[in-house]
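Participant: Below is the structure I would like to discuss, written out as structure tokens.
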Amino acid sequence: MKRTTGQDRSKTAKWRAATRAVRGGTWRSEQGETSEALFLTSGYAYDDAGTAAARFTGEQDGMTYSRLQNPTVQMLEERIALMEGAEACRTQASGMAAMTTALLCQLSAGDHMVSARAAFGSCRWIVDNLLPRFGIDVTIVDARDNAAWEAAIQPNTKVFFFETPANPTMDIADLSFICGLARAHGITSVVDNAFCTPVLQRPLEWGADVVAYSATKLMDGQGRVIAGAVAGSEEFITEVLLPFQRNTGPICAPFNAWVVLKGLETLELRARRQSANALKVGQFVEGRVPQILHPWLDSHPQQKLAKDQMDDCGPIFSFVLDGGREQAHAVLDALELIDISNNIGDSRSLMCHPASTTHHNMGPEGREAMGVPEGMLRINVGLEDPDDLIEDLDQALDKSGL
Ligand SMILES: *Cc1c(COP(=O)(O)O)cnc(C)c1O
């Protein structure tokens, strides 16, 4: 393998964001391929027994087994680290593998964690069901309430865990305040940045310790693979995360890593265009529905905070109809262009009814507390012409009686 400048931090540190996204982490084989190679191999052969021994002790750099290292996967990890401004990154099989790894690698029985109420359904399952089974105590707070984070701290608090904007309520958490509070108390902040990616929001710049991703979302962005990533300091990744990951094995497959690598090359273009489309579609929807939750609109109570910490609004927003589940389902069933689907970040526009899909497990009380009413719809705005999307929504809202 030839190390290109993409693997040389003395060079890549000076590159601007767009260059990092296209060339960061690139490695070349002796064939000199321009596009990153896909290494579908589980193992590696050594020239002699001494080399094998030196690889295992770490005296010699190089691959030993694809649960531990793979060239394609390493290219993706270096590219995400560069885009995030992180010292190091490791990828996982899914966003949920990333969240589970980021939390379990550092928590033990007797520890305490503070977690945001509004969150992705499976993140709430980990917080509400998995961690307590292992003796890890969790306090749930309204992530918008800075004082609540402070009040929840206990002597054994190890981790703050939250996403912003939150799914599907579009609550914004104050990155600077919450991560600063964590630092001041020796608590590790873990931010799920799936809605934004480093193109739209870089939590590490606001003081976060660890950023965790579903790379399935905007990073792939074309609805093809499931993948995840965790980025942070070299110390956290090598000393805390890696022993857990290497031995439990929730790794990203090389093929999926390769697809995400190619996705990152166009991430900035897609995230910016989808944000512009989401603003235009949001402005239309605002005039047609009783309530909209869109961080770039004046009606969002946290618009200023959102604009301070995000570079653009991203592709996702939610809105609420008065007619509950029946009317929300009627809108979905009347769509002709936009698909009924629960993925986000995709280049296709997709809409879902969180109460009956992504958040159905939480039960009515859980949804009520989180702010997910029966009449809520969430949309991911894609790369189609926004006027076609507006026409589709217009006719679907008409048919539902709006
Ligand atoms: C999708 C998502 C996840 C889970 O990621 P998967 O790749 O589906 O496992 C976690 N957090 C947020 C905010 C998400 O949107």
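We name chains A, B, ... following the order of the structure tokens; residues begin at 1 in each chain, and ligands are numbered from 1 as shown.
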I'd like the contact shell of Asp8 (chain A) - 12 Å cut-off, only C-alpha atoms, skipping same-chain residues fewer than 6 positions apart - returned as a PyMOL selection string.

Facilitator: chain A and resi 2+14-15+20+23-27+75+78-79+82

Participant: Name each residue within 8 Å of ligand 1, counting only C-alpha atoms and all ligand atoms, as an mmCIF file with N, CA and C atoms, in the first residue's frame.

Facilitator:
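See out_10.cif below for the written result:
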data_model
loop_
_atom_site.group_PDB
_atom_site.id
_atom_site.type_symbol
_atom_site.label_atom_id
_atom_site.label_comp_id
_atom_site.auth_asym_id
_atom_site.auth_seq_id
_atom_site.Cartn_x
_atom_site.Cartn_y
_atom_site.Cartn_z
ATOM 1 N N ALA A 93 -20.973 -1.278 12.704
ATOM 2 C CA ALA A 93 -21.899 -1.904 11.766
ATOM 3 C C ALA A 93 -23.178 -1.091 11.534
ATOM 4 N N SER A 94 -23.531 -0.236 12.465
ATOM 5 C CA SER A 94 -24.760 0.550 12.340
ATOM 6 C C SER A 94 -24.642 1.742 13.291
ATOM 7 N N GLY A 95 -25.573 2.674 13.146
ATOM 8 C CA GLY A 95 -25.592 3.782 14.099
ATOM 9 C C GLY A 95 -25.826 3.270 15.510
ATOM 10 N N MET A 96 -26.692 2.257 15.649
ATOM 11 C CA MET A 96 -26.952 1.741 16.992
ATOM 12 C C MET A 96 -25.742 0.988 17.564
ATOM 13 N N ALA A 97 -24.980 0.317 16.697
ATOM 14 C CA ALA A 97 -23.729 -0.306 17.173
ATOM 15 C C ALA A 97 -22.782 0.795 17.649
ATOM 16 N N ALA A 98 -22.777 1.929 16.959
ATOM 17 C CA ALA A 98 -21.910 3.049 17.359
ATOM 18 C C ALA A 98 -22.337 3.600 18.727
ATOM 19 N N MET A 99 -23.649 3.802 18.917
ATOM 20 C CA MET A 99 -24.145 4.353 20.190
ATOM 21 C C MET A 99 -23.856 3.370 21.339
ATOM 22 N N ALA A 119 -35.246 11.532 21.812
ATOM 23 C CA ALA A 119 -34.138 10.804 21.182
ATOM 24 C C ALA A 119 -34.683 9.769 20.220
ATOM 25 N N PHE A 120 -33.797 9.289 19.384
ATOM 26 C CA PHE A 120 -34.091 8.178 18.488
ATOM 27 C C PHE A 120 -34.613 6.997 19.318
ATOM 28 N N SER A 122 -34.404 3.706 19.388
ATOM 29 C CA SER A 122 -33.499 2.678 19.904
ATOM 30 C C SER A 122 -32.503 3.246 20.908
ATOM 31 N N CYS A 123 -32.162 4.517 20.781
ATOM 32 C CA CYS A 123 -31.293 5.140 21.804
ATOM 33 C C CYS A 123 -32.035 5.151 23.135
ATOM 34 N N GLU A 163 -28.789 14.034 21.508
ATOM 35 C CA GLU A 163 -28.712 14.367 20.091
ATOM 36 C C GLU A 163 -29.305 15.756 19.888
ATOM 37 N N ALA A 166 -33.100 16.939 17.918
ATOM 38 C CA ALA A 166 -33.564 15.626 18.346
ATOM 39 C C ALA A 166 -34.667 15.121 17.415
ATOM 40 N N ASN A 167 -34.736 13.815 17.340
ATOM 41 C CA ASN A 167 -35.657 13.112 16.470
ATOM 42 C C ASN A 167 -36.867 12.667 17.277
ATOM 43 N N ASP A 192 -24.841 12.463 19.700
ATOM 44 C CA ASP A 192 -25.315 11.759 18.504
ATOM 45 C C ASP A 192 -25.590 12.838 17.451
ATOM 46 N N ASN A 193 -24.717 12.899 16.417
ATOM 47 C CA ASN A 193 -24.781 14.003 15.437
ATOM 48 C C ASN A 193 -25.364 13.549 14.096
ATOM 49 N N ALA A 194 -26.195 12.494 14.134
ATOM 50 C CA ALA A 194 -26.687 11.879 12.893
ATOM 51 C C ALA A 194 -27.477 12.850 12.016
ATOM 52 N N PHE A 195 -28.236 13.760 12.634
ATOM 53 C CA PHE A 195 -29.068 14.664 11.842
ATOM 54 C C PHE A 195 -28.227 15.644 11.028
ATOM 55 N N TYR A 213 -22.238 8.519 15.361
ATOM 56 C CA TYR A 213 -23.010 8.663 14.129
ATOM 57 C C TYR A 213 -23.764 7.435 13.708
ATOM 58 N N SER A 214 -24.920 7.656 13.124
ATOM 59 C CA SER A 214 -25.466 6.736 12.148
ATOM 60 C C SER A 214 -24.965 7.240 10.806
ATOM 61 N N ALA A 215 -24.039 6.505 10.174
ATOM 62 C CA ALA A 215 -23.548 6.899 8.838
ATOM 63 C C ALA A 215 -24.535 6.473 7.757
ATOM 64 N N THR A 216 -25.559 5.720 8.182
ATOM 65 C CA THR A 216 -26.656 5.328 7.302
ATOM 66 C C THR A 216 -27.373 6.556 6.749
ATOM 67 N N LYS A 217 -27.394 7.604 7.517
ATOM 68 C CA LYS A 217 -28.217 8.771 7.196
ATOM 69 C C LYS A 217 -27.522 9.638 6.148
ATOM 70 N N ILE A 226 -26.127 0.373 5.892
ATOM 71 C CA ILE A 226 -26.219 0.699 7.318
ATOM 72 C C ILE A 226 -24.785 0.773 7.851
ATOM 73 N N ALA A 227 -24.465 1.827 8.569
ATOM 74 C CA ALA A 227 -23.105 1.974 9.122
ATOM 75 C C ALA A 227 -23.127 2.987 10.254
ATOM 76 N N GLY A 228 -22.075 2.966 11.084
ATOM 77 C CA GLY A 228 -21.967 3.913 12.197
ATOM 78 C C GLY A 228 -20.530 4.314 12.426
ATOM 79 N N ASN A 343 -36.588 6.250 6.879
ATOM 80 C CA ASN A 343 -35.172 6.633 6.819
ATOM 81 C C ASN A 343 -35.077 8.164 6.751
ATOM 82 N N ILE A 344 -33.894 8.673 7.074
ATOM 83 C CA ILE A 344 -33.643 10.112 6.930
ATOM 84 C C ILE A 344 -32.288 10.320 6.258
#

Participant: List the neighbours of Met219 (chain A) out to 10 Å using only C-alpha atoms; skip same-chain residues closer than 2 positions along the sequence, and give me the result as a VMD selection string.

Facilitator: chain A and resid 80 194 to 199 213 to 217 221 to 223 227 to 228 259 to 268 270 to 271 345 to 346

Participant: Would you save the residues of that selection, restricted to N, CA and C atoms, as a PDB file, in the first residue's frame?

Facilitator:
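And here's out.pdb as it stands now:
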ATOM      1  N   ILE A  80     -13.465  10.436   8.173  1.00  0.00           N
ATOM      2  CA  ILE A  80     -14.449  10.992   9.121  1.00  0.00           C
ATOM      3  C   ILE A  80     -13.726  11.792  10.213  1.00  0.00           C
ATOM      4  N   ALA A 194     -26.195  12.494  14.134  1.00  0.00           N
ATOM      5  CA  ALA A 194     -26.687  11.879  12.893  1.00  0.00           C
ATOM      6  C   ALA A 194     -27.477  12.850  12.016  1.00  0.00           C
ATOM      7  N   PHE A 195     -28.236  13.760  12.634  1.00  0.00           N
ATOM      8  CA  PHE A 195     -29.068  14.664  11.842  1.00  0.00           C
ATOM      9  C   PHE A 195     -28.227  15.644  11.028  1.00  0.00           C
ATOM     10  N   CYS A 196     -27.023  15.946  11.497  1.00  0.00           N
ATOM     11  CA  CYS A 196     -26.265  17.055  10.902  1.00  0.00           C
ATOM     12  C   CYS A 196     -25.049  16.617  10.093  1.00  0.00           C
ATOM     13  N   THR A 197     -24.282  15.685  10.598  1.00  0.00           N
ATOM     14  CA  THR A 197     -22.956  15.357  10.049  1.00  0.00           C
ATOM     15  C   THR A 197     -22.026  16.564  10.246  1.00  0.00           C
ATOM     16  N   PRO A 198     -20.694  16.327  10.083  1.00  0.00           N
ATOM     17  CA  PRO A 198     -19.760  17.448  10.302  1.00  0.00           C
ATOM     18  C   PRO A 198     -19.950  18.607   9.335  1.00  0.00           C
ATOM     19  N   VAL A 199     -20.675  18.385   8.245  1.00  0.00           N
ATOM     20  CA  VAL A 199     -20.898  19.492   7.307  1.00  0.00           C
ATOM     21  C   VAL A 199     -21.798  20.558   7.929  1.00  0.00           C
ATOM     22  N   TYR A 213     -22.238   8.519  15.361  1.00  0.00           N
ATOM     23  CA  TYR A 213     -23.010   8.663  14.129  1.00  0.00           C
ATOM     24  C   TYR A 213     -23.764   7.435  13.708  1.00  0.00           C
ATOM     25  N   SER A 214     -24.920   7.656  13.124  1.00  0.00           N
ATOM     26  CA  SER A 214     -25.466   6.736  12.148  1.00  0.00           C
ATOM     27  C   SER A 214     -24.965   7.240  10.806  1.00  0.00           C
ATOM     28  N   ALA A 215     -24.039   6.505  10.174  1.00  0.00           N
ATOM     29  CA  ALA A 215     -23.548   6.899   8.838  1.00  0.00           C
ATOM     30  C   ALA A 215     -24.535   6.473   7.757  1.00  0.00           C
ATOM     31  N   THR A 216     -25.559   5.720   8.182  1.00  0.00           N
ATOM     32  CA  THR A 216     -26.656   5.328   7.302  1.00  0.00           C
ATOM     33  C   THR A 216     -27.373   6.556   6.749  1.00  0.00           C
ATOM     34  N   LYS A 217     -27.394   7.604   7.517  1.00  0.00           N
ATOM     35  CA  LYS A 217     -28.217   8.771   7.196  1.00  0.00           C
ATOM     36  C   LYS A 217     -27.522   9.638   6.148  1.00  0.00           C
ATOM     37  N   GLY A 221     -26.348   8.656   2.510  1.00  0.00           N
ATOM     38  CA  GLY A 221     -27.212   9.645   1.876  1.00  0.00           C
ATOM     39  C   GLY A 221     -27.961   9.189   0.642  1.00  0.00           C
ATOM     40  N   GLN A 222     -27.730   7.932   0.230  1.00  0.00           N
ATOM     41  CA  GLN A 222     -28.458   7.468  -0.932  1.00  0.00           C
ATOM     42  C   GLN A 222     -29.175   6.156  -0.643  1.00  0.00           C
ATOM     43  N   GLY A 223     -29.421   5.941   0.674  1.00  0.00           N
ATOM     44  CA  GLY A 223     -30.274   4.831   1.090  1.00  0.00           C
ATOM     45  C   GLY A 223     -29.736   3.455   0.756  1.00  0.00           C
ATOM     46  N   ALA A 227     -24.465   1.827   8.569  1.00  0.00           N
ATOM     47  CA  ALA A 227     -23.105   1.974   9.122  1.00  0.00           C
ATOM     48  C   ALA A 227     -23.127   2.987  10.254  1.00  0.00           C
ATOM     49  N   GLY A 228     -22.075   2.966  11.084  1.00  0.00           N
ATOM     50  CA  GLY A 228     -21.967   3.913  12.197  1.00  0.00           C
ATOM     51  C   GLY A 228     -20.530   4.314  12.426  1.00  0.00           C
ATOM     52  N   VAL A 259     -18.905   2.204   0.505  1.00  0.00           N
ATOM     53  CA  VAL A 259     -20.065   2.977   0.030  1.00  0.00           C
ATOM     54  C   VAL A 259     -20.129   4.328   0.761  1.00  0.00           C
ATOM     55  N   VAL A 260     -19.886   4.300   2.072  1.00  0.00           N
ATOM     56  CA  VAL A 260     -19.938   5.563   2.827  1.00  0.00           C
ATOM     57  C   VAL A 260     -18.798   6.494   2.400  1.00  0.00           C
ATOM     58  N   LEU A 261     -17.617   5.922   2.137  1.00  0.00           N
ATOM     59  CA  LEU A 261     -16.497   6.742   1.635  1.00  0.00           C
ATOM     60  C   LEU A 261     -16.918   7.517   0.390  1.00  0.00           C
ATOM     61  N   LYS A 262     -17.564   6.810  -0.524  1.00  0.00           N
ATOM     62  CA  LYS A 262     -18.002   7.478  -1.756  1.00  0.00           C
ATOM     63  C   LYS A 262     -19.089   8.502  -1.444  1.00  0.00           C
ATOM     64  N   GLY A 263     -19.920   8.206  -0.458  1.00  0.00           N
ATOM     65  CA  GLY A 263     -20.967   9.155  -0.055  1.00  0.00           C
ATOM     66  C   GLY A 263     -20.375  10.452   0.478  1.00  0.00           C
ATOM     67  N   LEU A 264     -19.268  10.330   1.231  1.00  0.00           N
ATOM     68  CA  LEU A 264     -18.680  11.532   1.844  1.00  0.00           C
ATOM     69  C   LEU A 264     -18.185  12.514   0.786  1.00  0.00           C
ATOM     70  N   GLU A 265     -17.807  11.996  -0.387  1.00  0.00           N
ATOM     71  CA  GLU A 265     -17.302  12.896  -1.439  1.00  0.00           C
ATOM     72  C   GLU A 265     -18.354  13.934  -1.853  1.00  0.00           C
ATOM     73  N   THR A 266     -19.621  13.553  -1.766  1.00  0.00           N
ATOM     74  CA  THR A 266     -20.689  14.471  -2.193  1.00  0.00           C
ATOM     75  C   THR A 266     -21.524  14.980  -1.015  1.00  0.00           C
ATOM     76  N   LEU A 267     -21.084  14.674   0.210  1.00  0.00           N
ATOM     77  CA  LEU A 267     -21.895  15.019   1.387  1.00  0.00           C
ATOM     78  C   LEU A 267     -22.206  16.516   1.468  1.00  0.00           C
ATOM     79  N   GLU A 268     -21.196  17.329   1.271  1.00  0.00           N
ATOM     80  CA  GLU A 268     -21.396  18.774   1.417  1.00  0.00           C
ATOM     81  C   GLU A 268     -22.455  19.274   0.418  1.00  0.00           C
ATOM     82  N   ARG A 270     -24.821  17.580  -1.065  1.00  0.00           N
ATOM     83  CA  ARG A 270     -26.157  17.065  -0.758  1.00  0.00           C
ATOM     84  C   ARG A 270     -26.741  17.744   0.476  1.00  0.00           C
ATOM     85  N   ALA A 271     -25.913  17.883   1.529  1.00  0.00           N
ATOM     86  CA  ALA A 271     -26.428  18.457   2.778  1.00  0.00           C
ATOM     87  C   ALA A 271     -26.881  19.900   2.555  1.00  0.00           C
ATOM     88  N   GLY A 345     -32.047  11.518   5.768  1.00  0.00           N
ATOM     89  CA  GLY A 345     -30.772  11.837   5.133  1.00  0.00           C
ATOM     90  C   GLY A 345     -30.698  11.366   3.699  1.00  0.00           C
ATOM     91  N   ASP A 346     -31.693  10.621   3.245  1.00  0.00           N
ATOM     92  CA  ASP A 346     -31.699  10.055   1.897  1.00  0.00           C
ATOM     93  C   ASP A 346     -31.897  11.155   0.859  1.00  0.00           C
TER      94      ASP A 346
END

Participant: For CA of Glu30 (chain A) and CA of Ala18 (chain A), quote the distance in Å rounded to one decimal.

Facilitator: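 Taking CA of Glu30 (chain A) as the start and CA of Ala18 (chain A) as the end point, the length is 26.4 Å.
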
Participant: What are the DSSP helix (DSSP H, G or I) residues of region 162-380 of chain A, as a VMD selection string?

Facilitator: chain A and resid 175 to 184 197 to 200 203 to 206 216 to 220 234 to 248 254 to 265 267 to 286 303 to 309 324 to 334 354 to 356 360 to 370

Participant: I'd like the contact shell of Gly121 (chain A) - 9 Å cut-off, only C-alpha atoms, skipping same-chain residues fewer than 6 positions apart - returned as number ranges by chain.

Facilitator: A: 167, 358-362

Participant: What separation in Å, quoted to one decimal, exists between CA of Ala21 (chain A) and CA of Thr238 (chain A)?

Facilitator: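 Here the two named atoms are 23.4 Å from each other.
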
Participant: Extract, using only C-alpha atoms, all DNA, RNA and protein residues at most 7 Å from region 308-314 of chain A, discarding same-chain residues fewer than 2 positions from it, and format them as a list of chain:residue names.

Facilitator: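 Selected residues are A:Cys196, A:Leu200, A:Gln201, A:Ala271, A:Gln274, A:Ser275, A:Pro295, A:Trp296, A:Lys304, A:Leu305, A:Ala306, A:Ile316.
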
Participant: Those residues you just picked out, can you put them in a file as an mmCIF file, in the first residue's frame with all heavy atoms?

Facilitator:
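As written to disk, out-v4.cif reads:
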data_model
loop_
_atom_site.group_PDB
_atom_site.id
_atom_site.type_symbol
_atom_site.label_atom_id
_atom_site.label_comp_id
_atom_site.auth_asym_id
_atom_site.auth_seq_id
_atom_site.Cartn_x
_atom_site.Cartn_y
_atom_site.Cartn_z
ATOM 1 N N CYS A 196 -27.023 15.946 11.497
ATOM 2 C CA CYS A 196 -26.265 17.055 10.902
ATOM 3 C C CYS A 196 -25.049 16.617 10.093
ATOM 4 O O CYS A 196 -24.786 17.175 9.045
ATOM 5 C CB CYS A 196 -25.807 18.001 12.009
ATOM 6 S SG CYS A 196 -27.163 18.987 12.648
ATOM 7 N N LEU A 200 -22.747 20.148 8.770
ATOM 8 C CA LEU A 200 -23.730 21.099 9.295
ATOM 9 C C LEU A 200 -23.509 21.449 10.763
ATOM 10 O O LEU A 200 -24.013 22.467 11.235
ATOM 11 C CB LEU A 200 -25.152 20.539 9.117
ATOM 12 C CG LEU A 200 -25.575 20.223 7.677
ATOM 13 C CD1 LEU A 200 -26.990 19.665 7.641
ATOM 14 C CD2 LEU A 200 -25.487 21.464 6.784
ATOM 15 N N GLN A 201 -22.758 20.620 11.486
ATOM 16 C CA GLN A 201 -22.556 20.884 12.928
ATOM 17 C C GLN A 201 -21.373 20.049 13.420
ATOM 18 O O GLN A 201 -21.335 18.842 13.200
ATOM 19 C CB GLN A 201 -23.821 20.490 13.684
ATOM 20 C CG GLN A 201 -23.758 20.613 15.197
ATOM 21 C CD GLN A 201 -25.127 20.393 15.812
ATOM 22 O OE1 GLN A 201 -25.887 21.338 15.972
ATOM 23 N NE2 GLN A 201 -25.468 19.151 16.138
ATOM 24 N N ALA A 271 -25.913 17.883 1.529
ATOM 25 C CA ALA A 271 -26.428 18.457 2.778
ATOM 26 C C ALA A 271 -26.881 19.900 2.555
ATOM 27 O O ALA A 271 -27.910 20.336 3.088
ATOM 28 C CB ALA A 271 -25.362 18.386 3.866
ATOM 29 N N GLN A 274 -30.089 19.811 0.188
ATOM 30 C CA GLN A 274 -31.256 19.295 0.915
ATOM 31 C C GLN A 274 -31.708 20.287 1.986
ATOM 32 O O GLN A 274 -32.906 20.426 2.228
ATOM 33 C CB GLN A 274 -30.950 17.911 1.513
ATOM 34 C CG GLN A 274 -30.916 16.820 0.444
ATOM 35 C CD GLN A 274 -30.652 15.418 0.995
ATOM 36 O OE1 GLN A 274 -29.634 14.826 0.693
ATOM 37 N NE2 GLN A 274 -31.551 14.899 1.796
ATOM 38 N N SER A 275 -30.760 21.019 2.587
ATOM 39 C CA SER A 275 -31.145 22.052 3.551
ATOM 40 C C SER A 275 -31.933 23.161 2.858
ATOM 41 O O SER A 275 -32.966 23.620 3.371
ATOM 42 C CB SER A 275 -29.900 22.664 4.214
ATOM 43 O OG SER A 275 -29.214 21.714 4.995
ATOM 44 N N PRO A 295 -36.107 24.148 12.541
ATOM 45 C CA PRO A 295 -35.168 25.007 13.272
ATOM 46 C C PRO A 295 -34.798 26.310 12.565
ATOM 47 O O PRO A 295 -34.272 27.221 13.211
ATOM 48 C CB PRO A 295 -33.927 24.108 13.439
ATOM 49 C CG PRO A 295 -34.071 23.010 12.455
ATOM 50 C CD PRO A 295 -35.536 22.825 12.222
ATOM 51 N N TRP A 296 -35.068 26.403 11.264
ATOM 52 C CA TRP A 296 -34.682 27.644 10.551
ATOM 53 C C TRP A 296 -35.844 28.634 10.439
ATOM 54 O O TRP A 296 -35.693 29.716 9.909
ATOM 55 C CB TRP A 296 -34.145 27.286 9.164
ATOM 56 C CG TRP A 296 -32.680 27.586 8.960
ATOM 57 C CD1 TRP A 296 -32.168 28.334 7.935
ATOM 58 C CD2 TRP A 296 -31.557 27.174 9.748
ATOM 59 N NE1 TRP A 296 -30.795 28.386 8.062
ATOM 60 C CE2 TRP A 296 -30.390 27.694 9.160
ATOM 61 C CE3 TRP A 296 -31.405 26.415 10.926
ATOM 62 C CZ2 TRP A 296 -29.104 27.488 9.681
ATOM 63 C CZ3 TRP A 296 -30.145 26.192 11.442
ATOM 64 C CH2 TRP A 296 -29.016 26.732 10.824
ATOM 65 N N LYS A 304 -32.639 30.792 17.317
ATOM 66 C CA LYS A 304 -31.357 31.488 17.448
ATOM 67 C C LYS A 304 -30.236 30.512 17.829
ATOM 68 O O LYS A 304 -29.153 30.528 17.232
ATOM 69 C CB LYS A 304 -31.460 32.617 18.488
ATOM 70 C CG LYS A 304 -30.183 33.428 18.526
ATOM 71 C CD LYS A 304 -30.145 34.505 19.571
ATOM 72 C CE LYS A 304 -28.787 35.185 19.626
ATOM 73 N NZ LYS A 304 -27.655 34.242 19.722
ATOM 74 N N LEU A 305 -30.526 29.658 18.806
ATOM 75 C CA LEU A 305 -29.528 28.667 19.223
ATOM 76 C C LEU A 305 -29.175 27.741 18.053
ATOM 77 O O LEU A 305 -27.998 27.437 17.809
ATOM 78 C CB LEU A 305 -30.071 27.854 20.408
ATOM 79 C CG LEU A 305 -29.197 26.710 20.928
ATOM 80 C CD1 LEU A 305 -27.850 27.226 21.420
ATOM 81 C CD2 LEU A 305 -29.924 25.956 22.045
ATOM 82 N N ALA A 306 -30.214 27.324 17.319
ATOM 83 C CA ALA A 306 -29.972 26.442 16.161
ATOM 84 C C ALA A 306 -29.030 27.126 15.172
ATOM 85 O O ALA A 306 -28.056 26.538 14.711
ATOM 86 C CB ALA A 306 -31.294 26.083 15.488
ATOM 87 N N ILE A 316 -34.357 17.665 7.597
ATOM 88 C CA ILE A 316 -35.478 17.073 8.339
ATOM 89 C C ILE A 316 -36.273 18.127 9.105
ATOM 90 O O ILE A 316 -35.699 19.019 9.732
ATOM 91 C CB ILE A 316 -34.935 16.028 9.335
ATOM 92 C CG1 ILE A 316 -34.144 14.959 8.578
ATOM 93 C CG2 ILE A 316 -36.044 15.389 10.155
ATOM 94 C CD1 ILE A 316 -32.893 14.532 9.276
#

Participant: Taking 5 positions as the minimum chain separation for residues in the same chain, which residues sit within 8 Å of Gly43 (chain A) when counting only C-alpha atoms? Answer as an mmCIF file with N, CA, C and O atoms, in the first residue's frame.

Facilitator:
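Output (out_38.cif):
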data_model
loop_
_atom_site.group_PDB
_atom_site.id
_atom_site.type_symbol
_atom_site.label_atom_id
_atom_site.label_comp_id
_atom_site.auth_asym_id
_atom_site.auth_seq_id
_atom_site.Cartn_x
_atom_site.Cartn_y
_atom_site.Cartn_z
ATOM 1 N N THR A 64 -3.785 -7.449 10.655
ATOM 2 C CA THR A 64 -3.695 -8.825 11.138
ATOM 3 C C THR A 64 -5.006 -9.601 10.922
ATOM 4 O O THR A 64 -4.983 -10.796 10.660
ATOM 5 N N TYR A 65 -6.145 -8.910 11.017
ATOM 6 C CA TYR A 65 -7.431 -9.598 10.931
ATOM 7 C C TYR A 65 -8.486 -8.509 10.767
ATOM 8 O O TYR A 65 -8.411 -7.472 11.425
ATOM 9 N N SER A 66 -9.471 -8.733 9.910
ATOM 10 C CA SER A 66 -10.384 -7.633 9.575
ATOM 11 C C SER A 66 -11.378 -7.269 10.682
ATOM 12 O O SER A 66 -12.077 -6.278 10.570
#

Participant: Return the single residue from A:Gln106, A:Gln245, A:Gly207, A:Lys158 that is closest to Cys179 (chain A), with distances computed using only C-alpha atoms.

Facilitator: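 Among A:Gln106, A:Gln245, A:Gly207, A:Lys158, it is A:Gly207 that comes nearest to Cys179 (chain A).
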
Participant: Would you list the contacts of Arg348 (chain A) as a PDB file with N, CA, C and O atoms, in the first residue's frame, taking every protein, DNA or RNA residue within 7 Å and counting only C-alpha atoms, but skipping same-chain residues closer than 5 positions in sequence?

Facilitator:
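Output contents, as saved in part.pdb:
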ATOM      1  N   GLY A 382     -35.506  15.544   0.197  1.00  0.00           N
ATOM      2  CA  GLY A 382     -34.419  15.033  -0.634  1.00  0.00           C
ATOM      3  C   GLY A 382     -33.926  16.031  -1.668  1.00  0.00           C
ATOM      4  O   GLY A 382     -34.030  17.255  -1.490  1.00  0.00           O
ATOM      5  N   LEU A 383     -33.389  15.478  -2.749  1.00  0.00           N
ATOM      6  CA  LEU A 383     -32.759  16.304  -3.792  1.00  0.00           C
ATOM      7  C   LEU A 383     -33.682  16.546  -4.983  1.00  0.00           C
ATOM      8  O   LEU A 383     -33.251  17.113  -5.991  1.00  0.00           O
ATOM      9  N   GLU A 384     -34.959  16.131  -4.883  1.00  0.00           N
ATOM     10  CA  GLU A 384     -35.883  16.415  -5.983  1.00  0.00           C
ATOM     11  C   GLU A 384     -36.096  17.928  -6.080  1.00  0.00           C
ATOM     12  O   GLU A 384     -35.704  18.682  -5.189  1.00  0.00           O
TER      13      GLU A 384
END

Participant: Any idea what the distance is between CA of Val114 (chain A) and CA of Val211 (chain A)?

Facilitator: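 Calculated distance between CA of Val114 (chain A) and CA of Val211 (chain A) is 16.0 Å.
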
Participant: Find, counting only C-alpha atoms, the residue in A:Thr101, A:Gln302, A:Ser29, A:Gln291 that gets nearest to Gly375 (chain A).

Facilitator: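 Answer, going by the shortest atom-to-atom distance: A:Gln291.
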
Participant: Write out as a ChimeraX atom specification all residues of region 101-178 of chain A that DSSP puts in strand (DSSP E or B) for this structure's backbone.

Facilitator: /A:112-116,137-141,157-163

Participant: Calculated over only C-alpha atoms, which of the candidates A:Leu293, A:Val281, A:Leu335, A:Val190 has the smallest distance to Ser318 (chain A)?

Facilitator: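 Of A:Leu293, A:Val281, A:Leu335, A:Val190, the one nearest Ser318 (chain A), counting only C-alpha atoms, is A:Leu293.
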
Participant: Using only C-alpha atoms, which residue out of A:Leu181, A:Leu103, A:Val73, A:Val191 lies closest to Leu40 (chain A)?

Facilitator: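 Among A:Leu181, A:Leu103, A:Val73, A:Val191, it is A:Val73 that comes nearest to Leu40 (chain A).
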